>>> print(open('entry10.tsv').read())   # TSV, C-alpha atoms
chain	number	residue	atom	x	y	z
A	1	MET	CA	1.01	16.10	11.67
A	2	GLY	CA	0.58	13.53	14.43
A	3	ASP	CA	0.78	15.09	17.89
A	4	PHE	CA	2.07	18.47	16.72
A	5	ASP	CA	0.14	21.71	16.79
A	6	THR	CA	-2.16	21.95	13.77
A	7	ASP	CA	-1.22	25.66	13.46
A	8	LEU	CA	2.43	24.77	12.99
A	9	TRP	CA	2.32	25.51	9.28
A	10	SER	CA	1.06	29.03	9.96
A	11	HIS	CA	4.39	29.94	11.55
A	12	PRO	CA	5.99	32.69	9.42
A	13	ARG	CA	9.49	31.18	9.45
A	14	LEU	CA	8.23	27.78	8.38
A	15	LEU	CA	5.95	29.26	5.75
A	16	ALA	CA	8.85	31.33	4.40
A	17	ALA	CA	11.06	28.24	4.19
A	18	VAL	CA	8.36	26.39	2.24
A	19	SER	CA	7.84	29.41	-0.03
A	20	GLU	CA	11.53	29.61	-0.85
A	21	GLY	CA	11.79	25.88	-1.49
A	22	ASP	CA	14.59	25.69	1.07
A	23	ARG	CA	14.27	22.15	2.44
A	24	GLY	CA	17.18	22.65	4.79
A	25	ALA	CA	15.41	25.59	6.39
A	26	VAL	CA	12.16	23.60	6.47
A	27	PHE	CA	13.92	20.80	8.36
A	28	ARG	CA	15.70	23.13	10.79
A	29	THR	CA	12.62	25.20	11.56
A	30	TYR	CA	10.35	22.18	11.82
A	31	ARG	CA	12.68	20.57	14.35
A	32	ARG	CA	13.10	23.78	16.31
A	33	LEU	CA	9.34	24.22	16.60
A	34	THR	CA	8.47	20.61	17.36
A	35	GLY	CA	11.51	19.40	19.26
A	36	ALA	CA	11.96	16.51	16.85
A	37	SER	CA	15.42	15.01	16.47
A	38	GLN	CA	17.07	14.57	13.09
A	39	MET	CA	16.48	10.85	13.43
A	40	LYS	CA	12.76	11.33	14.15
A	41	LEU	CA	12.40	13.72	11.23
A	42	GLY	CA	14.20	11.20	9.03
A	43	GLU	CA	11.73	8.51	10.02
A	44	LEU	CA	8.86	10.81	9.03
A	45	VAL	CA	10.20	11.53	5.55
A	46	GLY	CA	12.00	8.25	4.82
A	47	LEU	CA	15.57	9.49	5.11
A	48	VAL	CA	18.39	8.37	7.35
A	49	GLN	CA	19.79	10.82	9.91
A	50	PRO	CA	23.04	11.63	8.01
A	51	ASP	CA	20.99	12.66	4.96
A	52	VAL	CA	18.79	14.91	7.10
A	53	SER	CA	21.92	16.51	8.52
A	54	GLU	CA	23.41	17.11	5.07
A	55	ILE	CA	20.17	18.66	3.81
A	56	GLU	CA	19.96	20.94	6.84
A	57	ARG	CA	23.55	22.11	6.31
A	58	GLY	CA	22.99	22.73	2.62
A	59	ARG	CA	25.47	20.04	1.61
A	60	ARG	CA	22.81	18.04	-0.20
A	61	ARG	CA	20.09	19.34	-2.48
A	62	VAL	CA	16.76	17.55	-2.77
A	63	THR	CA	16.23	17.01	-6.48
A	64	SER	CA	14.32	13.72	-6.44
A	65	VAL	CA	10.59	14.16	-7.08
A	66	GLU	CA	9.88	11.23	-4.80
A	67	VAL	CA	11.94	12.59	-1.90
A	68	ARG	CA	10.26	15.99	-2.26
A	69	GLN	CA	6.88	14.28	-2.11
A	70	ARG	CA	7.94	12.27	0.94
A	71	ILE	CA	8.81	15.52	2.70
A	72	VAL	CA	5.39	17.01	1.96
A	73	VAL	CA	3.53	13.89	3.07
A	74	GLY	CA	5.78	12.96	5.98
A	75	LEU	CA	5.77	16.42	7.56
A	76	GLY	CA	2.11	16.95	6.77
A	77	ILE	CA	2.58	20.20	4.86
A	78	PRO	CA	-1.00	21.31	4.04
A	79	SER	CA	-1.68	21.81	0.34
A	80	GLU	CA	-3.18	25.23	1.04
A	81	ARG	CA	0.11	26.29	2.65
A	82	LEU	CA	1.97	25.23	-0.45
A	83	SER	CA	-0.41	27.28	-2.57
A	84	ALA	CA	-0.55	30.25	-0.21
A	85	ALA	CA	3.20	30.38	0.03
A	86	GLY	CA	3.60	30.26	-3.71
A	87	ALA	CA	5.73	27.18	-3.42
A	88	GLU	CA	6.50	25.14	-6.47
A	89	ALA	CA	3.97	22.48	-7.22
A	90	LEU	CA	5.35	19.14	-6.19
A	91	PRO	CA	4.73	16.51	-8.84
A	92	VAL	CA	3.23	13.35	-7.36
A	93	PRO	CA	4.96	10.29	-8.78
A	94	GLY	CA	3.27	7.46	-10.51
A	95	LEU	CA	-0.44	8.02	-10.24
A	96	ALA	CA	-0.63	11.81	-10.28
A	97	PHE	CA	-2.07	12.15	-13.73
A	98	ALA	CA	-5.42	11.89	-15.40
A	99	GLY	CA	-6.92	8.54	-14.55
A	100	THR	CA	-5.68	8.35	-10.98
A	101	ALA	CA	-9.12	8.65	-9.43
A	102	PRO	CA	-12.40	7.53	-10.94
A	103	ASP	CA	-13.76	9.64	-13.77
A	104	GLU	CA	-16.87	11.49	-12.69
A	105	ASP	CA	-19.00	9.98	-15.44
A	106	LEU	CA	-18.00	6.34	-14.93
A	107	LEU	CA	-20.68	5.60	-12.35
A	108	ALA	CA	-23.41	7.10	-14.49
A	109	ARG	CA	-22.24	5.22	-17.55
A	110	VAL	CA	-22.44	1.91	-15.71
A	111	THR	CA	-25.64	2.48	-13.77
A	112	ASN	CA	-27.59	4.16	-16.57
A	113	ALA	CA	-27.98	2.70	-20.03
A	114	VAL	CA	-26.61	5.00	-22.73
A	115	ASP	CA	-26.65	4.86	-26.49
A	116	GLY	CA	-23.77	2.89	-27.88
A	117	SER	CA	-22.69	0.39	-30.48
A	118	HIS	CA	-20.49	-1.87	-28.34
A	119	ARG	CA	-21.54	-5.48	-28.62
A	120	VAL	CA	-21.18	-7.68	-25.58
A	121	ASP	CA	-21.34	-11.44	-25.25
A	122	SER	CA	-20.02	-14.08	-22.87
A	123	ALA	CA	-16.91	-14.71	-24.96
A	124	THR	CA	-15.91	-11.03	-24.76
A	125	LEU	CA	-16.36	-10.99	-21.00
A	126	ASP	CA	-14.43	-14.26	-20.65
A	127	TRP	CA	-11.54	-12.65	-22.53
A	128	LEU	CA	-11.64	-9.56	-20.30
A	129	ASP	CA	-11.63	-11.82	-17.24
A	130	ARG	CA	-8.51	-13.59	-18.47
A	131	LEU	CA	-6.85	-10.31	-19.37
A	132	LEU	CA	-7.46	-8.90	-15.89
A	133	ALA	CA	-6.00	-12.05	-14.31
A	134	GLU	CA	-2.86	-11.73	-16.46
A	135	HIS	CA	-2.45	-8.08	-15.54
A	136	ARG	CA	-2.76	-8.88	-11.84
A	137	ARG	CA	0.06	-11.39	-12.07
A	138	ALA	CA	2.16	-9.06	-14.22
A	139	GLU	CA	1.80	-6.37	-11.56
A	140	ASP	CA	3.29	-8.74	-9.00
A	141	PHE	CA	6.49	-8.79	-11.04
A	142	ILE	CA	6.79	-5.39	-12.74
A	143	GLY	CA	4.99	-3.26	-10.18
A	144	SER	CA	1.96	-1.04	-10.62
A	145	ARG	CA	3.34	2.00	-12.41
A	146	PRO	CA	3.52	0.55	-15.95
A	147	LEU	CA	-0.05	-0.78	-15.71
A	148	VAL	CA	-2.08	2.20	-14.53
A	149	ASP	CA	-2.82	3.62	-17.98
A	150	VAL	CA	-3.48	0.16	-19.39
A	151	MET	CA	-5.95	-0.74	-16.66
A	152	SER	CA	-7.70	2.63	-16.79
A	153	GLN	CA	-8.33	2.12	-20.49
A	154	GLN	CA	-9.41	-1.47	-19.92
A	155	LEU	CA	-11.98	-0.31	-17.37
A	156	ARG	CA	-13.33	2.15	-19.94
A	157	THR	CA	-13.73	-0.73	-22.35
A	158	VAL	CA	-15.70	-2.68	-19.74
A	159	VAL	CA	-17.90	0.32	-18.92
A	160	ASN	CA	-18.65	0.93	-22.60
A	161	LEU	CA	-20.05	-2.59	-22.85
A	162	TYR	CA	-22.80	-1.84	-20.36
A	163	ALA	CA	-25.07	-0.03	-22.81
A	164	ASP	CA	-25.77	-3.13	-24.89
A	165	ALA	CA	-25.69	-5.67	-22.07
A	166	ARG	CA	-28.93	-7.27	-20.96
A	167	GLY	CA	-29.95	-9.54	-18.11
A	168	PRO	CA	-27.15	-11.64	-16.62
A	169	LEU	CA	-24.63	-10.06	-19.00
A	170	ALA	CA	-25.36	-6.60	-17.57
A	171	GLU	CA	-24.78	-7.86	-14.04
A	172	ARG	CA	-21.57	-9.51	-15.14
A	173	VAL	CA	-20.31	-6.26	-16.71
A	174	VAL	CA	-20.91	-4.41	-13.43
A	175	ARG	CA	-19.14	-7.20	-11.55
A	176	LEU	CA	-16.18	-6.97	-13.92
A	177	ALA	CA	-16.10	-3.19	-13.52
A	178	ALA	CA	-15.95	-3.66	-9.74
A	179	GLU	CA	-12.95	-5.99	-10.12
A	180	HIS	CA	-11.13	-3.49	-12.34
A	181	ALA	CA	-11.84	-0.65	-9.91
A	182	GLN	CA	-10.51	-2.75	-7.02
A	183	PHE	CA	-7.31	-3.44	-8.95
A	184	LEU	CA	-6.89	0.25	-9.75
A	185	ALA	CA	-7.44	0.99	-6.06
A	186	TRP	CA	-4.73	-1.45	-5.09
A	187	MET	CA	-2.29	0.11	-7.57
A	188	ALA	CA	-3.01	3.58	-6.18
A	189	GLN	CA	-2.51	2.23	-2.66
A	190	ASP	CA	0.73	0.55	-3.73
A	191	GLN	CA	2.04	3.92	-4.88
A	192	GLY	CA	1.02	5.70	-1.70
A	193	GLN	CA	-1.84	7.63	-3.30
A	194	SER	CA	-4.40	7.21	-0.52
A	195	ALA	CA	-7.09	9.58	-1.77
A	196	ALA	CA	-7.22	7.94	-5.20
A	197	ALA	CA	-7.16	4.48	-3.64
A	198	LEU	CA	-10.10	5.27	-1.36
A	199	ALA	CA	-12.07	6.71	-4.26
A	200	TRP	CA	-11.52	3.56	-6.31
A	201	TYR	CA	-12.35	1.28	-3.38
A	202	ASP	CA	-15.59	3.19	-2.84
A	203	ARG	CA	-16.46	2.84	-6.51
A	204	SER	CA	-15.59	-0.85	-6.50
A	205	HIS	CA	-17.65	-1.44	-3.37
A	206	GLU	CA	-20.70	0.28	-4.85
A	207	TRP	CA	-20.50	-1.68	-8.07
A	208	ALA	CA	-19.97	-4.93	-6.15
A	209	LEU	CA	-23.13	-4.29	-4.14
A	210	GLU	CA	-25.05	-3.55	-7.32
A	211	ALA	CA	-23.83	-6.76	-8.90
A	212	GLY	CA	-24.55	-8.78	-5.74
A	213	ASP	CA	-20.87	-9.73	-5.43
A	214	ALA	CA	-20.38	-10.29	-1.70
A	215	ASP	CA	-16.78	-11.44	-2.14
A	216	MET	CA	-15.70	-8.20	-3.84
A	217	ALA	CA	-17.73	-6.03	-1.44
A	218	ALA	CA	-15.96	-7.65	1.52
A	219	THR	CA	-12.58	-7.52	-0.21
A	220	THR	CA	-12.78	-3.77	-0.70
A	221	LEU	CA	-13.43	-3.31	3.02
A	222	SER	CA	-10.51	-5.59	3.89
A	223	MET	CA	-8.27	-3.58	1.57
A	224	LYS	CA	-9.43	-0.36	3.24
A	225	ALA	CA	-8.43	-2.03	6.51
A	226	HIS	CA	-5.03	-2.69	4.96
A	227	MET	CA	-4.72	1.01	4.13
A	228	ALA	CA	-5.56	1.88	7.74
A	229	TRP	CA	-2.95	-0.59	8.96
A	230	SER	CA	-0.36	0.93	6.61
A	231	GLY	CA	-1.14	4.33	8.08
A	232	GLY	CA	-0.68	3.10	11.65
A	233	ARG	CA	-4.39	3.30	12.50
A	234	GLY	CA	-5.02	0.07	14.39
A	235	ARG	CA	-8.55	0.78	15.59
A	236	ARG	CA	-9.76	1.77	12.12
A	237	CYS	CA	-8.12	-1.34	10.68
A	238	VAL	CA	-10.01	-3.53	13.16
A	239	ARG	CA	-13.36	-1.84	12.49
A	240	LEU	CA	-13.09	-2.08	8.72
A	241	ALA	CA	-12.02	-5.72	8.90
A	242	GLU	CA	-14.95	-6.46	11.21
A	243	ALA	CA	-17.25	-4.74	8.70
A	244	ALA	CA	-15.86	-6.93	5.93
A	245	ARG	CA	-17.10	-9.94	7.87
A	246	TRP	CA	-20.49	-8.90	9.21
A	247	SER	CA	-21.62	-6.82	6.23
A	248	ALA	CA	-21.04	-9.65	3.72
A	249	PRO	CA	-21.53	-12.94	5.58
A	250	ASP	CA	-21.88	-15.16	2.50
A	251	THR	CA	-18.31	-14.74	1.32
A	252	SER	CA	-15.81	-17.46	0.47
A	253	LEU	CA	-13.64	-18.98	3.16
A	254	GLY	CA	-10.58	-17.26	1.72
A	255	VAL	CA	-12.23	-13.84	1.76
A	256	GLN	CA	-13.29	-14.47	5.37
A	257	GLY	CA	-9.72	-15.46	6.17
A	258	MET	CA	-8.39	-12.25	4.65
A	259	ALA	CA	-10.72	-10.19	6.83
A	260	ALA	CA	-9.77	-12.17	9.94
A	261	GLN	CA	-6.05	-11.69	9.42
A	262	MET	CA	-6.54	-7.98	8.74
A	263	GLU	CA	-8.46	-7.68	12.00
A	264	ALA	CA	-5.59	-9.53	13.70
A	265	ARG	CA	-3.04	-7.10	12.28
A	266	GLY	CA	-5.10	-4.18	13.53
A	267	HIS	CA	-5.09	-5.67	17.03
A	268	ALA	CA	-1.34	-6.29	16.78
A	269	LEU	CA	-0.83	-2.66	15.78
A	270	SER	CA	-2.87	-1.66	18.84
A	271	HIS	CA	-0.73	-3.94	21.04
A	272	ALA	CA	-3.52	-6.40	21.85
A	273	PRO	CA	-1.60	-9.68	21.54
A	274	ASP	CA	-4.34	-12.05	22.73
A	275	ASP	CA	-6.87	-10.79	20.18
A	276	ALA	CA	-4.23	-10.72	17.47
A	277	ARG	CA	-3.15	-14.32	18.03
A	278	ARG	CA	-6.72	-15.60	18.37
A	279	LEU	CA	-7.70	-14.07	15.04
A	280	LEU	CA	-4.53	-15.25	13.34
A	281	ASP	CA	-5.36	-18.80	14.39
A	282	GLU	CA	-8.90	-18.34	13.09
A	283	ALA	CA	-7.60	-16.97	9.80
A	284	GLN	CA	-5.21	-19.88	9.40
A	285	ASP	CA	-8.06	-22.34	9.88
A	286	LEU	CA	-10.09	-20.53	7.21
A	287	ILE	CA	-7.13	-20.62	4.82
A	288	GLY	CA	-6.68	-24.34	5.33
A	289	ARG	CA	-10.34	-25.01	4.62
A	290	ALA	CA	-10.29	-22.70	1.58
A	291	ALA	CA	-7.32	-24.63	0.17
A	292	GLU	CA	-9.46	-27.76	0.09
A	293	ARG	CA	-11.87	-26.11	-2.39
A	294	PRO	CA	-9.88	-23.55	-4.41
A	295	GLU	CA	-12.59	-23.51	-7.08
A	296	ASP	CA	-14.85	-21.67	-4.61
A	297	GLU	CA	-12.48	-18.73	-4.28
A	298	PRO	CA	-12.75	-15.56	-6.43
A	299	PRO	CA	-9.95	-15.09	-8.98
A	300	TRP	CA	-8.29	-12.16	-7.19
A	301	MET	CA	-7.55	-14.40	-4.19
A	302	TYR	CA	-4.89	-16.35	-6.12
A	303	PHE	CA	-2.14	-15.03	-3.83
A	304	TYR	CA	-3.83	-15.96	-0.55
A	305	ASP	CA	-2.23	-19.19	0.63
A	306	GLU	CA	-0.12	-20.59	3.47
A	307	THR	CA	3.00	-18.80	2.21
A	308	TRP	CA	1.32	-15.43	2.21
A	309	PHE	CA	-0.23	-16.10	5.61
A	310	THR	CA	3.15	-17.02	7.10
A	311	LEU	CA	4.41	-13.63	6.00
A	312	GLN	CA	1.40	-11.95	7.62
A	313	ARG	CA	2.17	-13.68	10.91
A	314	GLY	CA	5.61	-12.13	10.64
A	315	MET	CA	4.12	-8.68	10.17
A	316	ALA	CA	1.88	-9.12	13.22
A	317	ALA	CA	4.89	-10.28	15.24
A	318	MET	CA	6.74	-7.09	14.28
A	319	HIS	CA	3.96	-4.94	15.69
A	320	LEU	CA	3.94	-6.99	18.87
A	321	GLY	CA	7.69	-6.50	19.27
A	322	ASP	CA	8.37	-10.21	18.84
A	323	TRP	CA	11.40	-9.67	16.63
A	324	GLN	CA	12.64	-13.26	16.71
A	325	GLY	CA	9.19	-14.53	15.77
A	326	ALA	CA	9.01	-11.91	13.02
A	327	THR	CA	12.34	-12.91	11.47
A	328	GLN	CA	11.42	-16.59	11.66
A	329	HIS	CA	8.02	-16.20	9.97
A	330	ILE	CA	9.15	-13.72	7.32
A	331	ALA	CA	12.27	-15.70	6.44
A	332	SER	CA	10.22	-18.89	6.18
A	333	GLY	CA	7.70	-17.21	3.90
A	334	LEU	CA	10.38	-15.67	1.70
A	335	ASP	CA	12.08	-19.05	1.27
A	336	VAL	CA	9.03	-20.42	-0.56
A	337	LEU	CA	7.66	-17.23	-2.13
A	338	PRO	CA	7.47	-17.79	-5.91
A	339	THR	CA	9.85	-15.73	-8.03
A	340	GLY	CA	6.93	-14.06	-9.78
A	341	TYR	CA	6.18	-12.02	-6.65
A	342	ARG	CA	9.02	-9.58	-7.19
A	343	ARG	CA	7.40	-6.55	-5.55
A	344	ASP	CA	6.26	-8.57	-2.52
A	345	SER	CA	9.71	-10.09	-2.20
A	346	ALA	CA	11.24	-6.60	-2.01
A	347	TRP	CA	8.71	-5.53	0.62
A	348	TYR	CA	9.02	-8.56	2.88
A	349	ARG	CA	12.80	-8.62	2.57
A	350	ALA	CA	12.83	-4.98	3.70
A	351	CYS	CA	10.59	-5.94	6.63
A	352	LEU	CA	12.93	-8.82	7.44
A	353	ALA	CA	15.83	-6.36	7.50
A	354	HIS	CA	13.88	-4.12	9.89
A	355	ALA	CA	13.08	-7.07	12.18
A	356	HIS	CA	16.73	-8.19	12.23
A	357	ALA	CA	17.84	-4.64	13.03
A	358	ALA	CA	15.34	-4.34	15.89
A	359	ALA	CA	16.51	-7.72	17.21
A	360	GLY	CA	20.08	-6.44	17.31
A	361	GLU	CA	21.19	-8.61	14.39
A	362	ALA	CA	22.96	-5.93	12.39
A	363	GLU	CA	24.79	-8.16	9.89
A	364	GLN	CA	21.64	-10.07	8.98
A	365	ALA	CA	19.74	-6.78	8.71
A	366	LEU	CA	22.28	-5.35	6.29
A	367	ALA	CA	22.30	-8.51	4.17
A	368	ALA	CA	18.51	-8.56	3.86
A	369	ALA	CA	18.37	-4.82	3.14
A	370	VAL	CA	21.03	-4.98	0.44
A	371	ALA	CA	19.19	-7.89	-1.19
A	372	SER	CA	15.97	-5.88	-1.17
A	373	ALA	CA	17.37	-2.52	-2.28
A	374	PRO	CA	17.43	-2.90	-6.11
A	375	ASP	CA	13.82	-4.02	-6.41
A	376	ALA	CA	12.68	-1.77	-3.56
A	377	SER	CA	14.08	1.17	-5.52
A	378	ALA	CA	12.79	0.04	-8.91
A	379	ILE	CA	9.25	-1.16	-8.08
A	380	GLY	CA	8.87	-0.97	-4.29
A	381	ARG	CA	8.47	2.76	-3.74
A	382	PRO	CA	7.28	4.13	-1.43
A	383	HIS	CA	6.57	1.22	0.95
A	384	ALA	CA	9.57	-1.12	0.67
A	385	TRP	CA	11.90	1.79	0.07
A	386	ASN	CA	10.73	3.62	3.18
A	387	GLU	CA	11.07	0.41	5.20
A	388	LEU	CA	14.73	0.22	4.22
A	389	HIS	CA	15.26	3.80	5.40
A	390	THR	CA	13.59	2.87	8.67
A	391	THR	CA	15.96	-0.09	8.96
A	392	ALA	CA	18.95	2.18	8.45
A	393	ALA	CA	17.59	4.53	11.13
A	394	VAL	CA	17.22	1.65	13.60
A	395	LEU	CA	20.79	0.48	12.95
A	396	LEU	CA	22.17	3.99	13.33
A	397	ARG	CA	20.25	4.49	16.55
A	398	ARG	CA	21.86	1.32	17.90
A	399	GLY	CA	25.29	2.57	16.90
A	400	ALA	CA	25.82	-0.25	14.38
A	401	SER	CA	28.31	0.48	11.60
A	402	GLU	CA	25.99	-1.41	9.25
A	403	GLY	CA	23.64	1.59	9.48
A	404	ARG	CA	26.05	3.86	7.64
A	405	ARG	CA	26.85	1.15	5.12
A	406	LEU	CA	23.14	0.72	4.41
A	407	ALA	CA	22.70	4.49	4.16
A	408	GLU	CA	25.37	4.54	1.45
A	409	VAL	CA	23.64	1.72	-0.44
A	410	LEU	CA	20.31	3.57	-0.31
A	411	ARG	CA	21.93	6.81	-1.42
A	412	THR	CA	23.18	5.14	-4.60
A	413	HIS	CA	19.59	4.26	-5.49
A	414	ASP	CA	17.84	7.46	-4.32
>>> encode(input="entry10.tsv", output="structure tokens")
Amino acid sequence: MGDFDTDLWSHPRLLAAVSEGDRGAVFRTYRRLTGASQMKLGELVGLVQPDVSEIERGRRRVTSVEVRQRIVVGLGIPSERLSAAGAEALPVPGLAFAGTAPDEDLLARVTNAVDGSHRVDSATLDWLDRLLAEHRRAEDFIGSRPLVDVMSQQLRTVVNLYADARGPLAERVVRLAAEHAQFLAWMAQDQGQSAAALAWYDRSHEWALEAGDADMAATTLSMKAHMAWSGGRGRRCVRLAEAARWSAPDTSLGVQGMAAQMEARGHALSHAPDDARRLLDEAQDLIGRAAERPEDEPPWMYFYDETWFTLQRGMAAMHLGDWQGATQHIASGLDVLPTGYRRDSAWYRACLAHAHAAAGEAEQALAAAVASAPDASAIGRPHAWNELHTTAAVLLRRGASEGRRLAEVLRTHD
């Protein structure tokens, strides 16, 4: 709800609009009570201002499950108000099915030996390691949605091996379970399912500590910092990134670099440019040193290189309002980003469009947005897709005709 009154959703008119499933009335009443403009409301729910206007006037119906979910999340409609009002249950896309969050019995099955007939040996665990690595790289290209069920089942397979594992093999099973849980957390985060992501990160962190895996323990904290950054919580991002460094000091150089750049992004989000730039320089030094000994890095750090870091500098520049620096860094990173990173390409191209729009470069913004739109729609929801809506809002606010043209492009994919 941001700065708005927490009792807003107790207002009878707003509650009635939610109960009747009348999104136009929800929008109108919400704006009347909060003073928000159509453009501001659009930014909250990932729609451009003309779409908000059409919904308010009843000229457009909201039929998309994803748009309905964006309205609930963006406006902060409490779940109890949905239930109390008798509103229709809003399906949550992607991860809203069994297997989203950790099963209650998974922890017990890993941390307590149970009867079982699953045989475990090094060759089996080697195969599962390779399979996880392949799935990580597949997710870069096809997105997370097709892999959630597969990875949930694969984690069950790993957990079932624990009963017959002994000595170093038992520790390795727990370590492998931590890696699977971290990947499931990332996929939940990628689909905007914060509660499930946090649950998986917590589970991964606990298993990593049990297995003595400092790299994974620190990584889960850095990824929690990333979630805080995504939610606009700069201070929390900084604190979690700091924790990733001091709570697991014996991590690889790459893992340290990841934590440093996340701390930098938190400072950038909090408009502390000196701290942000200092930590970005530190992170870049760590990356360079890690590149000299790639064999010392954990397998999930395969993506962390100079290209990826260049893109992160661009993201920090965006938060600092350095739009020219942002476009330069992001464009440079995109030029050398491998084709296998399809989802990341959609995201960073959407960010490039936003940076161009904020810099007053409307034509370049539209070109980047149009290039991003197909993949942003197919595998980049909600993050890249919402960034494109934000870009359209920025262009419209500046009075650029490219804003309406982009709105039309997005409407064809929504």
>>> closest_atom_pairs(input="entry10.tsv", of="range 178-236 of chain A", to="range 55-70 of chain A", cutoff="12 Å", atoms="only C-alpha atoms", output="tab-separated table")
residue	atom	partner	partner_atom	distance
A:Gln191	CA	A:Glu66	CA	10.7
A:Gly192	CA	A:Arg70	CA	9.9
A:Gln193	CA	A:Gln69	CA	11.0
>>> residues_around(input="entry10.tsv", residues="Val120 in chain A", least_positions_apart="3", cutoff="12 Å", atoms="all atoms listed in the file", output="PyMOL selection string")
chain A and resi 116-117+123-128+157-170+172-173
>>> atom_distance(input="entry10.tsv", atom1="CA of Ala185 in chain A", atom2="CA of Leu221 in chain A")
11.7 Å
>>> residues_around(input="entry10.tsv", residues="Gln154 in chain A", least_positions_apart="5", cutoff="12 Å", atoms="all atoms listed in the file", output="list in words")
Gly99, Leu125, Trp127, Leu128, Asp129, Leu131, Leu132, His135, Leu147, Val148, Asp149, Val159, Asn160, Leu161, Leu176, Ala177, Glu179, His180, Ala181, Phe183 and Leu184 of chain A
>>> write_last_selection(input="entry10.tsv", atoms="C-alpha atoms", output="PDB file, in the frame of the given file")
ATOM      1  CA  GLY A  99      -6.920   8.540 -14.550  1.00  0.00           C
ATOM      2  CA  LEU A 125     -16.360 -10.990 -21.000  1.00  0.00           C
ATOM      3  CA  TRP A 127     -11.540 -12.650 -22.530  1.00  0.00           C
ATOM      4  CA  LEU A 128     -11.640  -9.560 -20.300  1.00  0.00           C
ATOM      5  CA  ASP A 129     -11.630 -11.820 -17.240  1.00  0.00           C
ATOM      6  CA  LEU A 131      -6.850 -10.310 -19.370  1.00  0.00           C
ATOM      7  CA  LEU A 132      -7.460  -8.900 -15.890  1.00  0.00           C
ATOM      8  CA  HIS A 135      -2.450  -8.080 -15.540  1.00  0.00           C
ATOM      9  CA  LEU A 147      -0.050  -0.780 -15.710  1.00  0.00           C
ATOM     10  CA  VAL A 148      -2.080   2.200 -14.530  1.00  0.00           C
ATOM     11  CA  ASP A 149      -2.820   3.620 -17.980  1.00  0.00           C
ATOM     12  CA  VAL A 159     -17.900   0.320 -18.920  1.00  0.00           C
ATOM     13  CA  ASN A 160     -18.650   0.930 -22.600  1.00  0.00           C
ATOM     14  CA  LEU A 161     -20.050  -2.590 -22.850  1.00  0.00           C
ATOM     15  CA  LEU A 176     -16.180  -6.970 -13.920  1.00  0.00           C
ATOM     16  CA  ALA A 177     -16.100  -3.190 -13.520  1.00  0.00           C
ATOM     17  CA  GLU A 179     -12.950  -5.990 -10.120  1.00  0.00           C
ATOM     18  CA  HIS A 180     -11.130  -3.490 -12.340  1.00  0.00           C
ATOM     19  CA  ALA A 181     -11.840  -0.650  -9.910  1.00  0.00           C
ATOM     20  CA  PHE A 183      -7.310  -3.440  -8.950  1.00  0.00           C
ATOM     21  CA  LEU A 184      -6.890   0.250  -9.750  1.00  0.00           C
TER      22      LEU A 184
END
>>> residues_around(input="entry10.tsv", residues="Ala260 in chain A", least_positions_apart="6", cutoff="8 Å", atoms="only C-alpha atoms", output="list in words")
Ala241, Glu242, Arg245, Leu279, Leu280, Glu282 and Ala283 of chain A
>>> atom_distance(input="entry10.tsv", atom1="CA of Leu334 in chain A", atom2="CA of Arg313 in chain A")
12.5 Å
>>> atom_distance(input="entry10.tsv", atom1="CA of Tyr341 in chain A", atom2="CA of Asp140 in chain A")
5.0 Å
>>> residues_around(input="entry10.tsv", residues="Ser247 in chain A", least_positions_apart="5", cutoff="9 Å", atoms="all atoms listed in the file", output="PyMOL selection string")
chain A and resi 214+217-218+242
>>> closest_residue(input="entry10.tsv", among="A:Ala393, A:Ala133, A:Arg381, A:Trp347", to="Ala188 in chain A", atoms="only C-alpha atoms")
A:Arg381
>>> residues_around(input="entry10.tsv", residues="Val52 in chain A", least_positions_apart="6", cutoff="10 Å", atoms="only C-alpha atoms", output="JSON, numbers by chain")
{"A": [23, 24, 27, 28, 37, 38, 39, 40, 41, 42, 43, 45, 46, 58, 60]}
